[in-house]
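Here is the structure we will look at, set down as C-alpha cells.
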Amino acid sequence: MPPTVESTRKIGLNSNIAKLYAFSFLQMTLFPMAIITLFWKDRIGLSLTQILLLQGILSVVMAVMEYPSGYVSDRIGYRAALTIATVTGVIGWGVYAVAGSFSHVLAAEMLLGISLSFISGSDSALLYETLKSSGREQEYARLQGGMSGFGQAGEALGALFAGALYAAAPLLPFILQVGVWLLALLLTRTLVEPAREPHRPASHLAEAWHTARYAFLDNPRLRATILLNTVLGIASFYPVWLIQPYMQHAGVPLGWFGPIWTGANLTVAVCALASHRVRSWLGERAMVLLFLALIWLGYCGLGLSGGIWGFLCYYLLTCMRGLRGPMLLDHAQQESPSTHRAGLLSLQSLCFRLLFVCTGPLIGRLADSVGVQQTFQLLGYAFLVVLPPLAWLFLRQQRPKTAG
C-alpha cells in the first residue's frame, strides 16, 4: 500500500530534527572565528575600540532586524526564513573574502547580522513546532541542548586548524566559510514546515505591539526569563571579543589559538548536551546559582591571573553558556504561543543586542585604556552587583513544576 500524503509529511517532519542538528553544525562551523580579532587588528588595522564599535553596529543591525525577522518568520514560515538567512550569509562571507578596509568589514558584518537575525528564533521555533506536531514538547529541552551541542561541535571543528589556515593564507578561512554556508543553503531547502493555525492579523503594527506587550507587561514569567537570559548572555559574549587579545598579550603562541577555541566550544557543546540532566539533578534554584558562580569565578580568574594559562578561566564562562541556553530557552518556549513563537524568541535576542549596542563600544574603549585583564576584573565586579536581583526575580516567578 503506497504511503499517504499524511504519512509522508510525518516522516518529513521527523527528519527535521536530524536536519536541524546538521544545520546548527554547519551554521556554527566558523573557520574565521578563532582568528577574527587578529584579522581585524593585524590585517585591517582596527583598534579594540573600533572592533567593539563594529560589533556594536552589528548589534544595531540585528536589533533593527531581530523582531521583524522573527515576525516575518512566523508569517512566511520557518523554512523560508532559514533560506533567506543562508543566502544572505553566503553573500556576507563572500564580501569578507575580498575585504581590505573597515567599510568592507562593516558591509560583511551587516549582511551577516541580517542572516543571524533570520536564524534567531526560527531554528528553535521550527524544532519546537516539529515536536509539538507529534505531542513531544516535553523533549524540547533535551533536543535543544543537542542542537546547541552540535552547533558548538561545529565551531570547535572549524576552529581547530584556524591558526594554521590563517598563517598559511589569511583569507583561506573566509573562502572555506562560503563553501560551508552553501551546504547549509542546500540543507534548508529540504526542511518540512509544520502545520500551524493560520494567523492573519488586521494590522501588523498592532500585532507587533501586542507581542511586545505580552512579553514585557502581560507575562511576568517570560519577562523575568528574558531579563536574566539577556544579562547572562552578555556575560558570556564580552570575552568572545576580548579573549584573543588577552591571549596575545599573555604570550600564547598563535598555533594554540585554534585548539584553545576548539576546547572552549567543546565545553559549550558538552555542557549544552548535559544541561537537561544537570537541571533535573540540581533543580532550578541551584542551576541559576551555578550560572552566577561560574560567571564570577571566570571573570575573577581572567582578571587576576593574567599568565599564559589564564585563558583557562574563560572555559568557566563557556560552561555557563552551554548550561544556560537549553534551560532558559525551554522556559521561553513554554510561555510562547505558536502564532508568535519566533517573534518572541527574536524579541529576546533583540534585548541582548540592544544591551550590547549600549555597552560594547564602552567596554572596547575601557580595554584600550586600562588593558584587557583589568577590564575583565571590572566586569566581574559589575556582574556581582547586577546578576543577583535578576536571578531572584526569575526564581520568584517560576511556577512549581518538575524540571526536564
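By order of appearance in the C-alpha cells: chains A, B, ..., then residues from 1 within every chain, and ligands from 1 in the order shown.
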
field: Shell around Trp40 in chain A at 10 Å using only C-alpha atoms, local window under 4 positions removed, as an MDAnalysis selection string
entry: chainID A and resid 35:36 44:48 50:51 100:102 105

- prompt: Using only C-alpha atoms, which residues sit within 8 Å of range 129-141 of chain A once same-chain residues fewer than 3 positions away are excluded, as a list of chain:residue names?
  reply: A:Leu13, A:Asn14, A:Asn16, A:Ile17, A:Ala125, A:Leu126, A:Gln144, A:Gly145, A:Pro194, A:Ala195, A:His276, A:Pro326, A:Met327, A:Leu329, A:Asp330, A:Ser338, A:Gly404

- request: Determine, counting only C-alpha atoms, which protein, DNA and RNA residues have an atom within 10 Å of an atom of Trp256 in chain A; residues of the same chain fewer than 3 positions away are not included. Present the result as a list in words.
  value: Leu160, Phe161, Ala162, Gly163, Ala164, Met247, Val252, Pro253, Pro259, Ile260, Trp261 and Thr262 of chain A

field: Close residues, Ala332 in chain A itself excluded, 10 Å, only C-alpha atoms, min 5 positions apart in chain, as a list in words
entry: Ala215, Arg221, Leu222, Arg223, Ala224, Thr225, Ile226, Asn229, Pro326, Met327, Arg341, Leu344, Leu345 and Gln348 of chain A

Quick one: contact table of range 31-144 of chain A to range 173-182 of chain A, 6 Å max, nearest atom pair and distance in Å to one decimal per residue, counting only C-alpha atoms, chain and number order, as JSON lines?
```
{"residue": "A:Phe31", "atom": "CA", "partner": "A:Pro173", "partner_atom": "CA", "distance": 5.1}
{"residue": "A:Pro32", "atom": "CA", "partner": "A:Pro173", "partner_atom": "CA", "distance": 5.1}
{"residue": "A:Val90", "atom": "CA", "partner": "A:Val178", "partner_atom": "CA", "distance": 5.4}
{"residue": "A:Trp93", "atom": "CA", "partner": "A:Val178", "partner_atom": "CA", "distance": 5.7}
{"residue": "A:Ala97", "atom": "CA", "partner": "A:Phe174", "partner_atom": "CA", "distance": 5.4}
```

query: So what do you get for CA of Phe394 in chain A versus CA of Val64 in chain A, distance-wise?
result: 26.8 Å
